[in-house]
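So this block is coords21.pdb, PDB, C-alpha atoms:
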```pdb
MODEL        1
ATOM      1  CA  MET X   1     161.167 -50.734 -39.849
ATOM      2  CA  ASN X   2     164.302 -48.748 -39.024
ATOM      3  CA  LYS X   3     167.350 -49.807 -37.076
ATOM      4  CA  GLU X   4     166.348 -47.974 -33.879
ATOM      5  CA  GLU X   5     162.965 -49.678 -33.763
ATOM      6  CA  ALA X   6     164.546 -53.080 -34.363
ATOM      7  CA  LEU X   7     167.172 -52.464 -31.676
ATOM      8  CA  GLN X   8     164.468 -51.496 -29.208
ATOM      9  CA  ILE X   9     162.489 -54.660 -29.891
ATOM     10  CA  VAL X  10     165.546 -56.885 -29.478
ATOM     11  CA  ILE X  11     166.803 -55.088 -26.362
ATOM     12  CA  ASP X  12     163.349 -55.217 -24.742
ATOM     13  CA  ALA X  13     163.051 -58.937 -25.545
ATOM     14  CA  VAL X  14     166.500 -59.734 -24.133
ATOM     15  CA  LYS X  15     165.829 -57.695 -20.983
ATOM     16  CA  GLU X  16     162.494 -59.395 -20.422
ATOM     17  CA  TYR X  17     163.969 -62.825 -21.043
ATOM     18  CA  ILE X  18     167.026 -62.626 -18.798
ATOM     19  CA  ASP X  19     165.082 -60.659 -16.155
ATOM     20  CA  ASP X  20     168.248 -59.429 -14.421
ATOM     21  CA  ASP X  21     168.589 -55.704 -13.749
ATOM     22  CA  SER X  22     172.300 -56.057 -12.970
ATOM     23  CA  THR X  23     173.095 -56.967 -16.591
ATOM     24  CA  THR X  24     173.292 -54.069 -19.026
ATOM     25  CA  ILE X  25     171.760 -54.816 -22.397
ATOM     26  CA  ASN X  26     172.775 -52.695 -25.345
ATOM     27  CA  LYS X  27     173.559 -53.172 -29.000
ATOM     28  CA  GLU X  28     176.926 -54.771 -28.211
ATOM     29  CA  THR X  29     175.373 -57.486 -26.069
ATOM     30  CA  ILE X  30     176.457 -60.939 -27.259
ATOM     31  CA  LEU X  31     173.708 -63.514 -27.920
ATOM     32  CA  LEU X  32     175.660 -66.424 -29.366
ATOM     33  CA  GLY X  33     178.824 -68.228 -28.318
ATOM     34  CA  ASN X  34     181.284 -67.255 -25.595
ATOM     35  CA  ASN X  35     180.125 -64.430 -23.320
ATOM     36  CA  ALA X  36     176.530 -64.748 -24.549
ATOM     37  CA  VAL X  37     173.895 -63.555 -22.096
ATOM     38  CA  VAL X  38     171.647 -66.485 -23.046
ATOM     39  CA  ASP X  39     172.313 -70.181 -23.544
ATOM     40  CA  SER X  40     171.226 -72.045 -26.694
ATOM     41  CA  ILE X  41     167.702 -72.710 -25.429
ATOM     42  CA  GLY X  42     167.548 -69.132 -24.251
ATOM     43  CA  LEU X  43     168.335 -67.978 -27.770
ATOM     44  CA  VAL X  44     165.528 -70.178 -29.106
ATOM     45  CA  ASN X  45     163.148 -68.553 -26.624
ATOM     46  CA  LEU X  46     164.425 -65.129 -27.508
ATOM     47  CA  ILE X  47     163.863 -65.672 -31.217
ATOM     48  CA  VAL X  48     160.308 -66.805 -30.515
ATOM     49  CA  ASP X  49     159.748 -63.734 -28.308
ATOM     50  CA  ILE X  50     161.111 -61.389 -30.962
ATOM     51  CA  GLU X  51     159.010 -62.991 -33.709
ATOM     52  CA  GLY X  52     156.010 -62.506 -31.417
ATOM     53  CA  ALA X  53     156.899 -58.848 -30.806
ATOM     54  CA  LEU X  54     157.270 -58.279 -34.552
ATOM     55  CA  SER X  55     153.965 -60.020 -35.140
ATOM     56  CA  GLU X  56     152.348 -57.569 -32.703
ATOM     57  CA  LYS X  57     153.484 -54.866 -35.106
ATOM     58  CA  ASP X  58     151.960 -56.823 -38.012
ATOM     59  CA  LEU X  59     155.369 -57.890 -39.263
ATOM     60  CA  GLU X  60     155.075 -61.604 -39.988
ATOM     61  CA  ILE X  61     158.749 -62.494 -40.133
ATOM     62  CA  THR X  62     160.464 -65.831 -39.574
ATOM     63  CA  LEU X  63     163.949 -65.196 -38.250
ATOM     64  CA  THR X  64     165.168 -68.747 -38.667
ATOM     65  CA  SER X  65     165.294 -68.891 -42.438
ATOM     66  CA  GLU X  66     167.626 -71.122 -44.422
ATOM     67  CA  ASP X  67     169.474 -67.981 -45.392
ATOM     68  CA  ALA X  68     170.038 -67.023 -41.764
ATOM     69  CA  MET X  69     171.250 -70.502 -40.856
ATOM     70  CA  SER X  70     173.645 -70.762 -43.774
ATOM     71  CA  ARG X  71     175.391 -67.409 -43.431
ATOM     72  CA  ARG X  72     179.067 -67.611 -42.577
ATOM     73  CA  LYS X  73     178.479 -65.020 -39.867
ATOM     74  CA  SER X  74     175.311 -65.746 -37.942
ATOM     75  CA  PRO X  75     172.869 -62.853 -37.693
ATOM     76  CA  PHE X  76     172.167 -64.002 -34.127
ATOM     77  CA  ARG X  77     175.649 -63.065 -32.852
ATOM     78  CA  SER X  78     174.640 -59.915 -31.044
ATOM     79  CA  VAL X  79     171.781 -57.541 -30.404
ATOM     80  CA  GLU X  80     173.052 -55.311 -33.205
ATOM     81  CA  THR X  81     173.540 -58.017 -35.837
ATOM     82  CA  LEU X  82     170.102 -59.427 -35.046
ATOM     83  CA  SER X  83     168.571 -55.957 -35.314
ATOM     84  CA  ASP X  84     170.274 -55.446 -38.671
ATOM     85  CA  TYR X  85     168.903 -58.770 -39.833
ATOM     86  CA  ILE X  86     165.375 -57.841 -38.759
ATOM     87  CA  VAL X  87     165.613 -54.567 -40.691
ATOM     88  CA  GLU X  88     166.855 -56.498 -43.717
ATOM     89  CA  LEU X  89     163.905 -58.938 -43.551
ATOM     90  CA  ALA X  90     161.306 -56.282 -42.780
ATOM     91  CA  ASN X  91     162.274 -54.068 -45.675
TER
ATOM     92  CA  MET W   1     142.488 -76.186 -30.098
ATOM     93  CA  ILE W   2     143.702 -76.455 -33.653
ATOM     94  CA  ILE W   3     142.716 -79.515 -35.688
ATOM     95  CA  THR W   4     144.165 -79.898 -39.167
ATOM     96  CA  GLY W   5     142.210 -81.768 -41.813
ATOM     97  CA  SER W   6     138.946 -81.088 -39.973
ATOM     98  CA  ARG W   7     136.623 -81.037 -42.972
ATOM     99  CA  LYS W   8     135.857 -84.762 -43.020
ATOM    100  CA  GLY W   9     136.666 -88.169 -41.586
ATOM    101  CA  ILE W  10     138.305 -88.475 -38.195
ATOM    102  CA  GLY W  11     139.233 -84.771 -38.195
ATOM    103  CA  ARG W  12     135.600 -83.773 -38.589
ATOM    104  CA  PHE W  13     134.555 -86.176 -35.856
ATOM    105  CA  LEU W  14     137.192 -84.752 -33.521
ATOM    106  CA  ALA W  15     136.148 -81.173 -34.272
ATOM    107  CA  GLU W  16     132.530 -81.934 -33.389
ATOM    108  CA  TYR W  17     133.585 -84.030 -30.389
ATOM    109  CA  TYR W  18     135.671 -81.253 -28.828
ATOM    110  CA  LEU W  19     133.129 -78.557 -29.691
ATOM    111  CA  GLU W  20     130.622 -80.655 -27.787
ATOM    112  CA  LYS W  21     132.989 -80.517 -24.815
ATOM    113  CA  GLY W  22     132.957 -76.714 -24.945
ATOM    114  CA  ILE W  23     136.396 -76.304 -26.500
ATOM    115  CA  THR W  24     136.938 -73.660 -29.171
ATOM    116  CA  VAL W  25     138.148 -75.396 -32.312
ATOM    117  CA  ILE W  26     140.084 -73.820 -35.145
ATOM    118  CA  GLY W  27     139.966 -76.184 -38.093
ATOM    119  CA  CYS W  28     141.535 -76.169 -41.495
ATOM    120  CA  SER W  29     141.563 -78.056 -44.750
ATOM    121  CA  ARG W  30     142.196 -77.311 -48.389
ATOM    122  CA  SER W  31     138.501 -76.658 -49.023
ATOM    123  CA  GLU W  32     135.526 -75.150 -47.228
ATOM    124  CA  SER W  33     133.749 -76.939 -44.411
ATOM    125  CA  ASP W  34     130.024 -77.041 -43.786
ATOM    126  CA  LEU W  35     130.568 -77.387 -40.037
ATOM    127  CA  GLN W  36     128.722 -74.555 -38.362
ATOM    128  CA  HIS W  37     129.202 -73.853 -34.652
ATOM    129  CA  LYS W  38     129.637 -70.670 -32.650
ATOM    130  CA  ASN W  39     132.950 -71.943 -31.324
ATOM    131  CA  TYR W  40     134.282 -73.198 -34.650
ATOM    132  CA  GLU W  41     136.381 -71.369 -37.197
ATOM    133  CA  HIS W  42     137.403 -72.948 -40.474
ATOM    134  CA  HIS W  43     140.335 -71.827 -42.598
ATOM    135  CA  CYS W  44     141.176 -72.983 -46.104
ATOM    136  CA  LEU W  45     144.860 -73.654 -46.521
ATOM    137  CA  ASP W  46     147.474 -76.134 -47.590
ATOM    138  CA  VAL W  47     149.151 -77.412 -44.411
ATOM    139  CA  ALA W  48     152.491 -77.423 -46.230
ATOM    140  CA  ASP W  49     152.235 -73.709 -47.038
ATOM    141  CA  GLU W  50     154.604 -72.199 -44.491
ATOM    142  CA  LYS W  51     153.304 -68.632 -44.734
ATOM    143  CA  ALA W  52     149.670 -69.711 -44.490
ATOM    144  CA  VAL W  53     150.359 -71.897 -41.452
ATOM    145  CA  GLN W  54     152.275 -69.115 -39.703
ATOM    146  CA  LYS W  55     149.476 -66.673 -40.390
ATOM    147  CA  LEU W  56     146.795 -69.011 -39.065
ATOM    148  CA  VAL W  57     148.700 -69.914 -35.905
ATOM    149  CA  ARG W  58     149.776 -66.353 -35.126
ATOM    150  CA  ASN W  59     146.297 -64.968 -35.721
ATOM    151  CA  THR W  60     144.817 -67.678 -33.517
ATOM    152  CA  ALA W  61     147.302 -66.876 -30.763
ATOM    153  CA  LYS W  62     146.544 -63.157 -31.053
ATOM    154  CA  LYS W  63     142.804 -63.714 -30.932
ATOM    155  CA  PHE W  64     142.669 -66.207 -28.076
ATOM    156  CA  GLY W  65     145.900 -65.419 -26.236
ATOM    157  CA  LYS W  66     147.013 -69.054 -26.285
ATOM    158  CA  ILE W  67     146.761 -72.399 -28.019
ATOM    159  CA  ASP W  68     146.474 -75.334 -25.644
ATOM    160  CA  TYR W  69     146.040 -78.240 -28.036
ATOM    161  CA  LEU W  70     147.097 -79.152 -31.554
ATOM    162  CA  ILE W  71     145.891 -82.229 -33.374
ATOM    163  CA  ASN W  72     147.886 -82.851 -36.533
ATOM    164  CA  ASN W  73     145.244 -84.880 -38.287
ATOM    165  CA  ALA W  74     145.613 -83.796 -41.921
ATOM    166  CA  GLY W  75     146.942 -86.606 -44.027
ATOM    167  CA  ILE W  76     146.736 -88.095 -47.470
ATOM    168  CA  ALA W  77     147.306 -91.646 -48.587
ATOM    169  CA  SER W  78     147.973 -93.266 -51.898
ATOM    170  CA  MET W  79     148.107 -97.009 -51.931
ATOM    171  CA  ASN W  80     149.853 -98.479 -54.904
ATOM    172  CA  HIS W  81     152.852-100.563 -55.899
ATOM    173  CA  SER W  82     155.990 -98.428 -55.889
ATOM    174  CA  PHE W  83     156.551 -99.242 -59.591
ATOM    175  CA  LEU W  84     153.288 -97.418 -60.262
ATOM    176  CA  THR W  85     153.880 -94.468 -57.957
ATOM    177  CA  PRO W  86     154.978 -91.215 -59.606
ATOM    178  CA  LEU W  87     157.353 -88.958 -57.719
ATOM    179  CA  SER W  88     154.716 -86.226 -57.658
ATOM    180  CA  ILE W  89     152.540 -88.447 -55.427
ATOM    181  CA  VAL W  90     155.487 -89.092 -53.121
ATOM    182  CA  GLU W  91     156.101 -85.363 -52.860
ATOM    183  CA  LYS W  92     152.436 -84.623 -52.161
ATOM    184  CA  MET W  93     152.275 -87.207 -49.393
ATOM    185  CA  PHE W  94     155.430 -85.989 -47.705
ATOM    186  CA  LYS W  95     154.345 -82.371 -48.019
ATOM    187  CA  THR W  96     150.979 -82.909 -46.383
ATOM    188  CA  ASN W  97     151.865 -85.633 -43.907
ATOM    189  CA  VAL W  98     155.354 -84.648 -42.809
ATOM    190  CA  PHE W  99     155.914 -81.016 -43.722
ATOM    191  CA  GLY W 100     152.408 -80.028 -42.635
ATOM    192  CA  THR W 101     152.786 -81.772 -39.292
ATOM    193  CA  PHE W 102     156.183 -80.161 -38.778
ATOM    194  CA  LEU W 103     154.988 -76.652 -39.627
ATOM    195  CA  PHE W 104     151.946 -76.732 -37.362
ATOM    196  CA  THR W 105     153.976 -78.316 -34.575
ATOM    197  CA  ARG W 106     156.739 -75.721 -34.836
ATOM    198  CA  GLU W 107     154.413 -72.732 -34.958
ATOM    199  CA  CYS W 108     152.045 -73.953 -32.238
ATOM    200  CA  GLY W 109     155.035 -75.047 -30.159
ATOM    201  CA  LYS W 110     156.313 -71.455 -30.188
ATOM    202  CA  VAL W 111     152.955 -70.186 -28.924
ATOM    203  CA  MET W 112     152.580 -72.967 -26.340
ATOM    204  CA  SER W 113     156.085 -72.363 -25.007
ATOM    205  CA  LYS W 114     155.031 -68.916 -23.789
ATOM    206  CA  LYS W 115     152.408 -70.455 -21.504
ATOM    207  CA  LYS W 116     154.577 -73.422 -20.559
ATOM    208  CA  PHE W 117     151.710 -75.704 -21.514
ATOM    209  CA  GLY W 118     150.768 -77.537 -24.649
ATOM    210  CA  ARG W 119     149.528 -80.843 -25.954
ATOM    211  CA  ILE W 120     150.407 -81.906 -29.479
ATOM    212  CA  VAL W 121     148.956 -85.072 -30.940
ATOM    213  CA  ASN W 122     149.957 -86.528 -34.299
ATOM    214  CA  MET W 123     148.343 -89.251 -36.333
ATOM    215  CA  THR W 124     150.233 -92.243 -37.635
ATOM    216  CA  THR W 125     149.135 -95.616 -39.015
ATOM    217  CA  PHE W 126     149.406 -99.329 -38.348
ATOM    218  CA  ALA W 127     150.939 -99.499 -41.842
ATOM    219  CA  VAL W 128     154.178 -98.470 -40.104
ATOM    220  CA  PRO W 129     154.654-101.504 -37.816
ATOM    221  CA  PHE W 130     152.956-103.850 -40.331
ATOM    222  CA  LYS W 131     155.202-102.592 -43.177
ATOM    223  CA  LEU W 132     152.339-103.006 -45.596
ATOM    224  CA  GLU W 133     153.159-103.628 -49.231
ATOM    225  CA  GLY W 134     151.567-101.060 -51.484
ATOM    226  CA  GLU W 135     151.869 -98.449 -48.733
ATOM    227  CA  ALA W 136     155.620 -97.921 -48.749
ATOM    228  CA  VAL W 137     155.482 -94.163 -49.211
ATOM    229  CA  TYR W 138     152.471 -93.583 -46.984
ATOM    230  CA  ALA W 139     154.012 -95.701 -44.220
ATOM    231  CA  ALA W 140     157.367 -93.972 -44.640
ATOM    232  CA  SER W 141     155.760 -90.551 -44.290
ATOM    233  CA  LYS W 142     153.917 -91.659 -41.148
ATOM    234  CA  ALA W 143     157.068 -93.285 -39.745
ATOM    235  CA  ALA W 144     158.716 -89.893 -40.168
ATOM    236  CA  ILE W 145     155.936 -88.312 -38.120
ATOM    237  CA  THR W 146     156.311 -90.906 -35.369
ATOM    238  CA  VAL W 147     160.055 -90.436 -35.029
ATOM    239  CA  MET W 148     159.738 -86.670 -35.294
ATOM    240  CA  ALA W 149     157.255 -86.720 -32.415
ATOM    241  CA  GLU W 150     159.638 -88.758 -30.287
ATOM    242  CA  ALA W 151     162.450 -86.272 -30.866
ATOM    243  CA  LEU W 152     160.224 -83.220 -30.432
ATOM    244  CA  ALA W 153     158.935 -84.662 -27.167
ATOM    245  CA  ARG W 154     162.469 -84.159 -25.888
ATOM    246  CA  GLU W 155     162.950 -80.746 -27.476
ATOM    247  CA  TYR W 156     159.685 -79.448 -26.044
ATOM    248  CA  ALA W 157     159.694 -81.108 -22.632
ATOM    249  CA  GLY W 158     161.263 -78.060 -20.984
ATOM    250  CA  PHE W 159     158.415 -75.913 -22.279
ATOM    251  CA  GLY W 160     155.693 -78.028 -20.682
ATOM    252  CA  ILE W 161     154.623 -79.327 -24.077
ATOM    253  CA  THR W 162     153.952 -83.010 -24.694
ATOM    254  CA  VAL W 163     154.049 -84.598 -28.152
ATOM    255  CA  ASN W 164     152.338 -87.932 -28.717
ATOM    256  CA  THR W 165     151.046 -89.965 -31.600
ATOM    257  CA  VAL W 166     148.028 -92.151 -32.103
ATOM    258  CA  ALA W 167     147.528 -94.713 -34.820
ATOM    259  CA  PRO W 168     143.852 -95.289 -35.476
ATOM    260  CA  PRO W 169     142.803 -98.880 -35.946
ATOM    261  CA  ALA W 170     141.381 -99.712 -39.338
ATOM    262  CA  VAL W 171     138.612 -97.112 -39.498
ATOM    263  CA  GLN W 172     136.258 -96.917 -42.442
ATOM    264  CA  THR W 173     137.106 -93.494 -43.888
ATOM    265  CA  ASP W 174     137.884 -92.160 -47.348
ATOM    266  CA  LEU W 175     141.516 -93.155 -46.910
ATOM    267  CA  ILE W 176     140.716 -96.838 -47.309
ATOM    268  CA  ALA W 177     137.582 -96.527 -49.420
ATOM    269  CA  HIS W 178     139.324 -98.094 -52.416
ATOM    270  CA  VAL W 179     141.035-100.937 -50.582
ATOM    271  CA  LYS W 180     139.550-104.323 -51.482
ATOM    272  CA  LYS W 181     137.532-106.153 -48.834
ATOM    273  CA  ASP W 182     139.760-109.249 -48.765
ATOM    274  CA  LYS W 183     142.792-107.064 -48.190
ATOM    275  CA  MET W 184     141.079-105.243 -45.337
ATOM    276  CA  ASP W 185     140.010-108.590 -43.832
ATOM    277  CA  LYS W 186     143.635-109.729 -43.886
ATOM    278  CA  LEU W 187     144.672-106.499 -42.227
ATOM    279  CA  LEU W 188     142.095-106.874 -39.494
ATOM    280  CA  GLN W 189     143.442-110.350 -38.779
ATOM    281  CA  ARG W 190     146.848-108.836 -38.102
ATOM    282  CA  GLN W 191     145.443-106.516 -35.429
ATOM    283  CA  ALA W 192     145.080-107.939 -31.920
ATOM    284  CA  ILE W 193     141.424-106.959 -32.112
ATOM    285  CA  HIS W 194     139.991-108.213 -35.416
ATOM    286  CA  ARG W 195     137.433-105.540 -36.162
ATOM    287  CA  PHE W 196     137.167-102.033 -37.501
ATOM    288  CA  GLY W 197     137.582 -99.274 -34.983
ATOM    289  CA  GLU W 198     135.663 -96.047 -34.781
ATOM    290  CA  ALA W 199     136.636 -92.417 -34.609
ATOM    291  CA  LYS W 200     135.530 -92.355 -30.970
ATOM    292  CA  ASP W 201     138.342 -94.819 -30.177
ATOM    293  CA  VAL W 202     140.779 -92.229 -31.462
ATOM    294  CA  ALA W 203     139.098 -89.469 -29.450
ATOM    295  CA  ASN W 204     139.373 -91.567 -26.306
ATOM    296  CA  THR W 205     143.137 -91.891 -26.762
ATOM    297  CA  ILE W 206     143.529 -88.206 -27.567
ATOM    298  CA  ASP W 207     141.553 -87.344 -24.417
ATOM    299  CA  PHE W 208     144.188 -89.208 -22.431
ATOM    300  CA  PHE W 209     147.030 -87.315 -24.117
ATOM    301  CA  LEU W 210     145.286 -83.954 -23.573
ATOM    302  CA  ARG W 211     144.525 -84.388 -19.887
ATOM    303  CA  ASP W 212     146.211 -81.890 -17.550
ATOM    304  CA  GLU W 213     147.363 -84.891 -15.536
ATOM    305  CA  SER W 214     149.212 -86.400 -18.528
ATOM    306  CA  THR W 215     152.313 -84.294 -17.890
ATOM    307  CA  MET W 216     154.574 -87.368 -17.975
ATOM    308  CA  VAL W 217     153.022 -88.831 -21.100
ATOM    309  CA  THR W 218     155.154 -87.752 -24.033
ATOM    310  CA  GLY W 219     156.981 -89.285 -26.984
ATOM    311  CA  GLN W 220     154.479 -92.142 -26.983
ATOM    312  CA  THR W 221     152.723 -93.864 -29.854
ATOM    313  CA  VAL W 222     149.511 -95.774 -29.240
ATOM    314  CA  TYR W 223     148.505 -98.298 -31.898
ATOM    315  CA  LEU W 224     144.797 -98.864 -31.431
ATOM    316  CA  GLY W 225     143.606-102.347 -32.169
ATOM    317  CA  GLY W 226     146.953-103.718 -31.065
ATOM    318  CA  VAL W 227     149.910-104.458 -33.335
TER
ENDMDL
END
```

Show me, as structure tokens, the structure contained in the file I just sent.
Amino acid sequence: MNKEEALQIVIDAVKEYIDDDSTTINKETILLGNNAVVDSIGLVNLIVDIEGALSEKDLEITLTSEDAMSRRKSPFRSVETLSDYIVELAN
Amino acid sequence: MIITGSRKGIGRFLAEYYLEKGITVIGCSRSESDLQHKNYEHHCLDVADEKAVQKLVRNTAKKFGKIDYLINNAGIASMNHSFLTPLSIVEKMFKTNVFGTFLFTRECGKVMSKKKFGRIVNMTTFAVPFKLEGEAVYAASKAAITVMAEALAREYAGFGITVNTVAPPAVQTDLIAHVKKDKMDKLLQRQAIHRFGEAKDVANTIDFFLRDESTMVTGQTVYLGGV
């Protein structure tokens, strides 16, 4: 999976989850912490949605690995960092 | 519906019971099952194998579009004095009883959350409240399941998913096949109802947990036979 495909999956999932046309979602969109477009439960839902979308493409990936949770910089910070993390896991 | 440990014992009874009610049952165990039914699928896996559990749950969700019910029935017991219990047995029991329950609950919970509906039922044991000697590890693993269910009931409430636990009364299955009669008689005396239960008693309790109307029933543990 390449970066563009991963970005598209994450952006689509965020758009569908927040369901608000007035909010622009792009690779800079923050997912964790201050200014995040989702709250903590929202992020949980989003991760489940993205895992489901990846599964639809026959990519059986678990995003919440011990590695992800223990990184000094969370891969869930933004749409871009999450996309990078997906590419890393998928390849 | 997914039922773990459906090859024999209470799990097998529950699989046949819910098939009889017209529910599609996806069962699993470490070895093959001879249960044949047009609405039954059996998968061989170790419930503590994360990849295998994910694959089964995701494939089930893809095939049927949803998973309404999960019964975490798979469990192993080893009854012995702790001085005679090797660590490998402790690890096996925790892997099957606790890790397996957690993995199926987590994966099915993800699927159920999409539909805002789900019923998860775990199995515990009266060895927990009775603190039975010789069952320290087994009881500890089941106590973990009970507490986990209580916490997950809160985590999952917003998703329309309930998590409950049932402790069968003393039921004559393989789990207690090697327990001496006088010990079982003593156990029965400690229950409010001094007789063996049956798998149908467990099914009756699970029916209550699964009902659409049981939306407010979560984080509960029912000890059949009375403790």

task = Skip range 23-26 of chain W itself and residues of its chain fewer than 2 positions away, then list as number ranges by chain all residues within 7 Å of it, counting all atoms listed in the file.
result = W: 1-3, 15, 18-19, 21, 28, 39-42

Point-to-point distance from CA of Ser65 in chain X to CA of Leu103 in chain W, Å rounded to tenths =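 Value for the CA of Ser65 in chain X-CA of Leu103 in chain W distance: 13.2 Å.
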
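Separating CA of Asn59 in chain W from CA of Asp12 in chain X is a distance of 22.5 Å.
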
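If only C-alpha atoms are the atoms counted, then among W:Ala149, W:Val163, W:Val57, W:Ala74 the closest residue to chain X is W:Val57.
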
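Candidate residues X:Glu16, X:Glu51, X:Glu4, X:Glu56 were compared for distance to Val38 in chain X, and the nearest is X:Glu16, using all atoms listed in the file.
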
Set out as CSV a contact list for chain W and chain X with a cut-off of 8 Å, giving each residue of chain W that qualifies its closest atom pair and distance in Å to one decimal, counting all atoms listed in the file, ordered by chain and rising residue number.
```
residue,atom,partner,partner_atom,distance
W:Lys55,CA,X:Glu60,CA,7.6
W:Arg58,CA,X:Ser55,CA,7.6
W:Lys110,CA,X:Val48,CA,6.1
```

request  = Could you tell me which of W:Gly134, W:Gly9, W:Gly27, W:Gly65 comes closest to Thr85 in chain W if we count all atoms listed in the file?
outcome  = W:Gly134

request  = Evaluate the PyMOL selection byres ((chain W and resi 141) around 10) on the structure here and hand back the selected residues as a PyMOL selection string.
outcome  = chain W and resi 75-77+90+93-99+124-125+128+135-140+142-146

ask   = With all atoms listed in the file as the atoms that count, which of W:Leu35, W:Glu213, W:Lys62, W:Leu132 lies nearest to Asp58 in chain X?
value = W:Lys62

query = Evaluating the PyMOL selection byres ((chain X and resi 29-37) around 9) on the displayed file yields which residues, as a VMD selection string?
reply = chain X and resid 11 14 18 23 to 28 38 to 40 42 to 43 74 76 to 80 82

key: Coordinates-based distance that separates CA of Pro169 in chain W from CA of Met216 in chain W (Å, one decimal)   =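 Pair CA of Met216 in chain W / CA of Pro169 in chain W returns 24.4 Å.
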
request  = In the coordinates of the file, take the point (140.5, -97.2, -38.1) and a cut-off of 7 Å; then, counting all atoms listed in the file, name each qualifying protein, DNA or RNA residue as a PyMOL selection string.
outcome  = chain W and resi 168-172+196-198

request  = Let me know the residues the PyMOL selection byres ((chain W and resi 69) around 7) catches in the file above, as a ChimeraX atom specification.
outcome  = /W:1-2,67-68,70-71,118-120

Could you turn the residues from that selection into a file that holds C-alpha atoms, as an mmCIF file, in the frame of the given file?
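Heads up, here's the output in part_33.cif:
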```
data_model
loop_
_atom_site.group_PDB
_atom_site.id
_atom_site.type_symbol
_atom_site.label_atom_id
_atom_site.label_comp_id
_atom_site.auth_asym_id
_atom_site.auth_seq_id
_atom_site.Cartn_x
_atom_site.Cartn_y
_atom_site.Cartn_z
ATOM 1 C CA MET W 1 142.488 -76.186 -30.098
ATOM 2 C CA ILE W 2 143.702 -76.455 -33.653
ATOM 3 C CA ILE W 67 146.761 -72.399 -28.019
ATOM 4 C CA ASP W 68 146.474 -75.334 -25.644
ATOM 5 C CA LEU W 70 147.097 -79.152 -31.554
ATOM 6 C CA ILE W 71 145.891 -82.229 -33.374
ATOM 7 C CA GLY W 118 150.768 -77.537 -24.649
ATOM 8 C CA ARG W 119 149.528 -80.843 -25.954
ATOM 9 C CA ILE W 120 150.407 -81.906 -29.479
#
```

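Distance cut-off 12 Å, centre (164.0, -48.3, -41.4), atoms counted all atoms listed in the file; the residues meeting this are X:Met1, X:Asn2, X:Lys3, X:Glu4, X:Glu5, X:Ala6, X:Leu7, X:Ser83, X:Asp84, X:Tyr85, X:Ile86, X:Val87, X:Glu88, X:Leu89, X:Ala90, X:Asn91.
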
message = If we count only C-alpha atoms and set the cut-off at 10 Å, which residues sit around Arg12 in chain W, ignoring sequence neighbours fewer than 5 positions away in its own chain? Please answer as a list in words.
response =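 Residues near the query, excluding close chain neighbours: Ile3, Thr4, Gly5, Ser6, Arg7, Tyr17, Gly27, Ser33, Leu35, Asn73 and Ala199 of chain W.
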
Could you put an axis-aligned box around every listed atom of range 51-70 of chain X, padded by 4 Å on each side, and send me its centre and edge lengths in Å to one decimal, as JSON?
```
{"center_x": 162.8, "center_y": -63.0, "center_z": -38.1, "size_x": 29.7, "size_y": 24.3, "size_z": 22.6}
```

Would you fill out range 78-88 of chain X with N, CA and C atoms and return it as a tab-separated table (two decimals), keeping the file's coordinate frame?
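Writing the result to part-v8.tsv gives the following:
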```
chain	number	residue	atom	x	y	z
X	78	SER	N	174.79	-60.98	-32.05
X	78	SER	CA	174.64	-59.92	-31.04
X	78	SER	C	173.32	-59.19	-31.24
X	79	VAL	N	173.00	-58.35	-30.30
X	79	VAL	CA	171.78	-57.54	-30.40
X	79	VAL	C	171.81	-56.72	-31.70
X	80	GLU	N	172.97	-56.16	-32.01
X	80	GLU	CA	173.05	-55.31	-33.20
X	80	GLU	C	172.92	-56.12	-34.50
X	81	THR	N	173.62	-57.25	-34.59
X	81	THR	CA	173.54	-58.02	-35.84
X	81	THR	C	172.12	-58.56	-36.04
X	82	LEU	N	171.48	-58.94	-34.94
X	82	LEU	CA	170.10	-59.43	-35.05
X	82	LEU	C	169.17	-58.29	-35.47
X	83	SER	N	169.40	-57.12	-34.93
X	83	SER	CA	168.57	-55.96	-35.31
X	83	SER	C	168.75	-55.64	-36.80
X	84	ASP	N	170.01	-55.69	-37.25
X	84	ASP	CA	170.27	-55.45	-38.67
X	84	ASP	C	169.54	-56.47	-39.54
X	85	TYR	N	169.55	-57.70	-39.07
X	85	TYR	CA	168.90	-58.77	-39.83
X	85	TYR	C	167.38	-58.56	-39.89
X	86	ILE	N	166.82	-58.12	-38.79
X	86	ILE	CA	165.38	-57.84	-38.76
X	86	ILE	C	165.04	-56.73	-39.75
X	87	VAL	N	165.84	-55.68	-39.76
X	87	VAL	CA	165.61	-54.57	-40.69
X	87	VAL	C	165.69	-55.07	-42.13
X	88	GLU	N	166.68	-55.93	-42.37
X	88	GLU	CA	166.86	-56.50	-43.72
X	88	GLU	C	165.61	-57.29	-44.13
```
